[in-house]
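Undergrad: After the structure tokens below, expect a handful of questions from me.
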Amino acid sequence: MNEQNNVQEIRGNHDASGLKIAIVVSEFNSNITLPLLEGAIDCLKHNKILNNNIIVSYVSGAFEIPVIAKKIATSIKPDAIICIGCVIKHETDHYFHVANQAAIGIAECALSTGIPTIFSVLTTLTEEQAIERSKPGKENKGYESAEAAIKAANIIKQL
Ligand code: INI
């Protein structure tokens with residue numbers, strides 16, 4: 001109970017010690033996605049996850065992320081799934097369809113299974129923007145996504 005406002009609050013804490021987290025990572029633009037993966041794993045370990053409670057699977061491109069995320073959701077049933085990819089704007093509109101379908105599919109996986117499925121797919125105009133967001137540290141977008149996964153999973157556990 002929040003004393004000041006007299007409302008009931010449900011917050012997700014940062015404790016990953018009791019969680020099983022799956023990560024689906026795209027190998028397309030791997031110079032970006034692998035540092036995002038490192039960031040996500042750093043965050044999970046920093047928050048005390050057990051090593052064998054991290055399950056990582058690799059897909060070719062961001063377009064393939066949703067189908068694998070959904071299969072993992074229904075078979076392994078982890079507490080959360082972190083979907084890592086990188087789509088960079090190119091001269092044709094191919095990138096748009098890839099990014100759009102990845103976003104729609106990841107959201108569909110979350111809503112249809114009830115398992116927090118985190119959108120850690122960078123969609124940038126340039127490679128430089130993607131590099132900036134995948135540098136080591138707490139501003140690495142993979143690190144931030146893992147924080148979101150832990151919090152959401154811990155909210156679900158309270159509901
Ligand atoms: N996949 C990405 O993850 N990022 C991209 O920038 C990208 N572009 O721009 O083409 C991309 N394409 C591959 C796509 O995800 C599928 O793997 C491919 O279309 C086969 O289904």
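Chains: A, B, ... in order of the structure tokens. Residues: from 1 per chain. Ligands: from 1, in order shown.
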If you count only C-alpha atoms, which residues fall within 9 Å of A:Val87, apart from same-chain ones fewer than 4 positions away, as a ChimeraX atom specification?
TA: /A:28-29,61-62,95-96,98-99,121-125,130
Undergrad: Could you write out the selected residues, including N, CA and C atoms, as a CSV table (one decimal), in the first residue's frame?
TA:
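Produced file result-v7.csv, reproduced below:
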chain,number,residue,atom,x,y,z
A,28,PHE,N,21.4,-11.1,-38.3
A,28,PHE,CA,21.5,-10.0,-39.3
A,28,PHE,C,22.0,-8.8,-38.5
A,29,ASN,N,23.0,-8.1,-39.1
A,29,ASN,CA,23.6,-7.0,-38.4
A,29,ASN,C,24.2,-7.5,-37.1
A,61,GLY,N,17.2,-13.4,-39.3
A,61,GLY,CA,16.9,-12.0,-39.4
A,61,GLY,C,15.7,-11.7,-38.4
A,62,ALA,N,15.5,-10.4,-38.3
A,62,ALA,CA,14.4,-10.0,-37.4
A,62,ALA,C,13.0,-10.5,-37.8
A,95,TYR,N,13.4,-3.0,-45.5
A,95,TYR,CA,13.6,-2.8,-44.1
A,95,TYR,C,12.3,-2.5,-43.3
A,96,PHE,N,11.4,-1.8,-44.0
A,96,PHE,CA,10.2,-1.4,-43.3
A,96,PHE,C,9.3,-2.6,-43.0
A,98,VAL,N,10.3,-5.7,-42.7
A,98,VAL,CA,11.0,-6.5,-41.7
A,98,VAL,C,10.7,-5.9,-40.3
A,99,ALA,N,10.9,-4.6,-40.1
A,99,ALA,CA,10.8,-4.0,-38.8
A,99,ALA,C,9.3,-4.1,-38.4
A,121,VAL,N,14.4,-4.7,-30.7
A,121,VAL,CA,14.8,-4.6,-32.1
A,121,VAL,C,15.1,-3.1,-32.4
A,122,LEU,N,16.4,-2.8,-32.6
A,122,LEU,CA,16.7,-1.4,-33.0
A,122,LEU,C,16.2,-1.2,-34.4
A,123,THR,N,15.6,0.0,-34.6
A,123,THR,CA,15.2,0.4,-35.9
A,123,THR,C,15.8,1.8,-36.1
A,124,THR,N,16.9,1.8,-36.9
A,124,THR,CA,17.6,3.1,-37.0
A,124,THR,C,17.7,3.5,-38.5
A,125,LEU,N,18.1,4.8,-38.6
A,125,LEU,CA,18.3,5.3,-39.9
A,125,LEU,C,19.7,5.0,-40.4
A,130,ALA,N,22.8,2.8,-34.6
A,130,ALA,CA,22.7,1.5,-34.0
A,130,ALA,C,23.9,1.2,-33.1
Undergrad: Dump as a tab-separated table the rows for residues of chain A within 12 Å of ligand 1: closest atom pair and distance in Å with one decimal, only C-alpha atoms and all ligand atoms counted, ordered by chain and rising residue number.
TA:
residue	atom	partner	partner_atom_place_in_ligand_line	distance
A:Val24	CA	ligand 1	3 (O)	11.6
A:Val25	CA	ligand 1	3 (O)	9.1
A:Ser26	CA	ligand 1	3 (O)	5.8
A:Glu27	CA	ligand 1	3 (O)	7.0
A:Phe28	CA	ligand 1	3 (O)	4.6
A:Asn29	CA	ligand 1	4 (N)	6.3
A:Ser30	CA	ligand 1	3 (O)	8.8
A:Asn31	CA	ligand 1	4 (N)	11.5
A:Ile32	CA	ligand 1	3 (O)	10.2
A:Thr33	CA	ligand 1	3 (O)	8.9
A:Tyr58	CA	ligand 1	3 (O)	11.3
A:Val59	CA	ligand 1	17 (O)	7.8
A:Ser60	CA	ligand 1	17 (O)	5.0
A:Gly61	CA	ligand 1	15 (O)	3.3
A:Ala62	CA	ligand 1	3 (O)	3.7
A:Phe63	CA	ligand 1	15 (O)	3.9
A:Glu64	CA	ligand 1	17 (O)	6.0
A:Ile65	CA	ligand 1	15 (O)	8.2
A:Pro66	CA	ligand 1	15 (O)	10.7
A:Val67	CA	ligand 1	21 (O)	11.2
A:Cys83	CA	ligand 1	3 (O)	11.0
A:Ile84	CA	ligand 1	3 (O)	8.9
A:Gly85	CA	ligand 1	3 (O)	5.4
A:Cys86	CA	ligand 1	4 (N)	5.1
A:Val87	CA	ligand 1	6 (O)	3.3
A:Ile88	CA	ligand 1	6 (O)	4.5
A:Lys89	CA	ligand 1	9 (O)	6.5
A:His90	CA	ligand 1	9 (O)	6.3
A:Glu91	CA	ligand 1	9 (O)	9.3
A:Thr92	CA	ligand 1	9 (O)	8.8
A:Asp93	CA	ligand 1	9 (O)	8.5
A:His94	CA	ligand 1	10 (O)	5.9
A:Tyr95	CA	ligand 1	9 (O)	4.0
A:Phe96	CA	ligand 1	9 (O)	7.8
A:His97	CA	ligand 1	9 (O)	8.8
A:Val98	CA	ligand 1	15 (O)	5.5
A:Ala99	CA	ligand 1	4 (N)	7.4
A:Asn100	CA	ligand 1	15 (O)	10.6
A:Gln101	CA	ligand 1	15 (O)	9.3
A:Ala102	CA	ligand 1	15 (O)	8.3
A:Ala103	CA	ligand 1	3 (O)	11.7
A:Ser120	CA	ligand 1	3 (O)	11.4
A:Val121	CA	ligand 1	3 (O)	8.2
A:Leu122	CA	ligand 1	4 (N)	8.9
A:Thr123	CA	ligand 1	6 (O)	8.0
A:Thr124	CA	ligand 1	6 (O)	9.0
A:Leu125	CA	ligand 1	6 (O)	10.1
A:Thr126	CA	ligand 1	6 (O)	10.3
A:Glu127	CA	ligand 1	6 (O)	9.8
A:Ala130	CA	ligand 1	6 (O)	10.8
Undergrad: Go ahead and write the selection's residues with C-alpha atoms as a compact mmCIF listing (two decimals), in the first residue's frame.
TA:
# COMPACT_ATOMS: atom_id res chain seq x y z
CA VAL A 24 15.88 -14.70 -29.38
CA VAL A 25 18.64 -12.90 -31.26
CA SER A 26 18.89 -12.17 -34.94
CA GLU A 27 22.22 -12.73 -36.70
CA PHE A 28 21.49 -10.04 -39.30
CA ASN A 29 23.63 -6.99 -38.40
CA SER A 30 25.44 -9.17 -35.88
CA ASN A 31 28.00 -6.41 -35.21
CA ILE A 32 25.07 -4.71 -33.43
CA THR A 33 22.95 -7.62 -32.20
CA TYR A 58 19.68 -17.47 -32.90
CA VAL A 59 17.59 -16.68 -35.98
CA SER A 60 18.69 -15.35 -39.38
CA GLY A 61 16.88 -12.02 -39.37
CA ALA A 62 14.41 -9.96 -37.37
CA PHE A 63 11.57 -11.26 -39.53
CA GLU A 64 12.11 -14.76 -38.08
CA ILE A 65 12.04 -13.60 -34.44
CA PRO A 66 8.27 -13.84 -33.79
CA VAL A 67 7.76 -17.45 -34.87
CA CYS A 83 13.79 -10.33 -28.76
CA ILE A 84 16.99 -8.79 -30.10
CA GLY A 85 17.46 -7.53 -33.63
CA CYS A 86 18.62 -4.57 -35.66
CA VAL A 87 16.92 -3.17 -38.74
CA ILE A 88 18.70 -0.34 -40.51
CA LYS A 89 16.97 1.79 -43.14
CA HIS A 90 18.09 0.94 -46.66
CA GLU A 91 17.32 2.27 -50.11
CA THR A 92 14.30 0.03 -50.77
CA ASP A 93 11.37 -0.41 -48.38
CA HIS A 94 12.36 -4.00 -47.49
CA TYR A 95 13.61 -2.84 -44.08
CA PHE A 96 10.18 -1.37 -43.32
CA HIS A 97 8.38 -4.70 -43.81
CA VAL A 98 10.98 -6.52 -41.71
CA ALA A 99 10.76 -4.03 -38.82
CA ASN A 100 7.00 -3.76 -38.99
CA GLN A 101 6.37 -7.50 -39.00
CA ALA A 102 8.89 -8.04 -36.22
CA ALA A 103 7.08 -5.45 -34.08
CA SER A 120 14.69 -5.09 -28.34
CA VAL A 121 14.84 -4.61 -32.08
CA LEU A 122 16.70 -1.43 -32.97
CA THR A 123 15.21 0.37 -35.95
CA THR A 124 17.59 3.09 -37.00
CA LEU A 125 18.27 5.35 -39.93
CA THR A 126 22.02 4.69 -39.90
CA GLU A 127 24.52 2.12 -38.68
CA ALA A 130 22.71 1.48 -34.00
Undergrad: To one decimal in Å, tell me the separation between atom CA of A:Ala110 and atom CA of A:Ile41.
TA: 20.6 Å
Undergrad: Which residues in chain A does DSSP call strand (DSSP E)? List them as a compact mmCIF listing (two decimals) with C-alpha atoms, in the first residue's frame.
TA:
# COMPACT_ATOMS: atom_id res chain seq x y z
CA ILE A 21 14.48 -15.85 -19.41
CA ALA A 22 14.69 -16.72 -23.11
CA ILE A 23 16.48 -14.53 -25.62
CA VAL A 24 15.88 -14.70 -29.38
CA VAL A 25 18.64 -12.90 -31.26
CA SER A 26 18.89 -12.17 -34.94
CA ILE A 54 19.09 -18.15 -19.70
CA ILE A 55 18.13 -19.78 -23.01
CA VAL A 56 19.50 -18.12 -26.16
CA SER A 57 18.38 -18.99 -29.68
CA TYR A 58 19.68 -17.47 -32.90
CA VAL A 59 17.59 -16.68 -35.98
CA ALA A 80 9.95 -13.46 -20.27
CA ILE A 81 11.42 -13.44 -23.76
CA ILE A 82 13.83 -10.78 -24.98
CA CYS A 83 13.79 -10.33 -28.76
CA ILE A 84 16.99 -8.79 -30.10
CA GLY A 85 17.46 -7.53 -33.63
CA CYS A 86 18.62 -4.57 -35.66
CA VAL A 87 16.92 -3.17 -38.74
CA ILE A 88 18.70 -0.34 -40.51
CA THR A 117 7.97 -10.51 -24.93
CA ILE A 118 10.33 -7.59 -25.05
CA PHE A 119 10.95 -5.58 -28.21
CA SER A 120 14.69 -5.09 -28.34
CA VAL A 121 14.84 -4.61 -32.08
CA LEU A 122 16.70 -1.43 -32.97
CA THR A 123 15.21 0.37 -35.95
CA THR A 124 17.59 3.09 -37.00
Undergrad: Taking the DSSP assignment computed from this structure's backbone, write out as a ChimeraX atom specification all residues of chain A that belong to alpha helix (DSSP H).
TA: /A:30-46,65-75,94-113,127-133,141-158
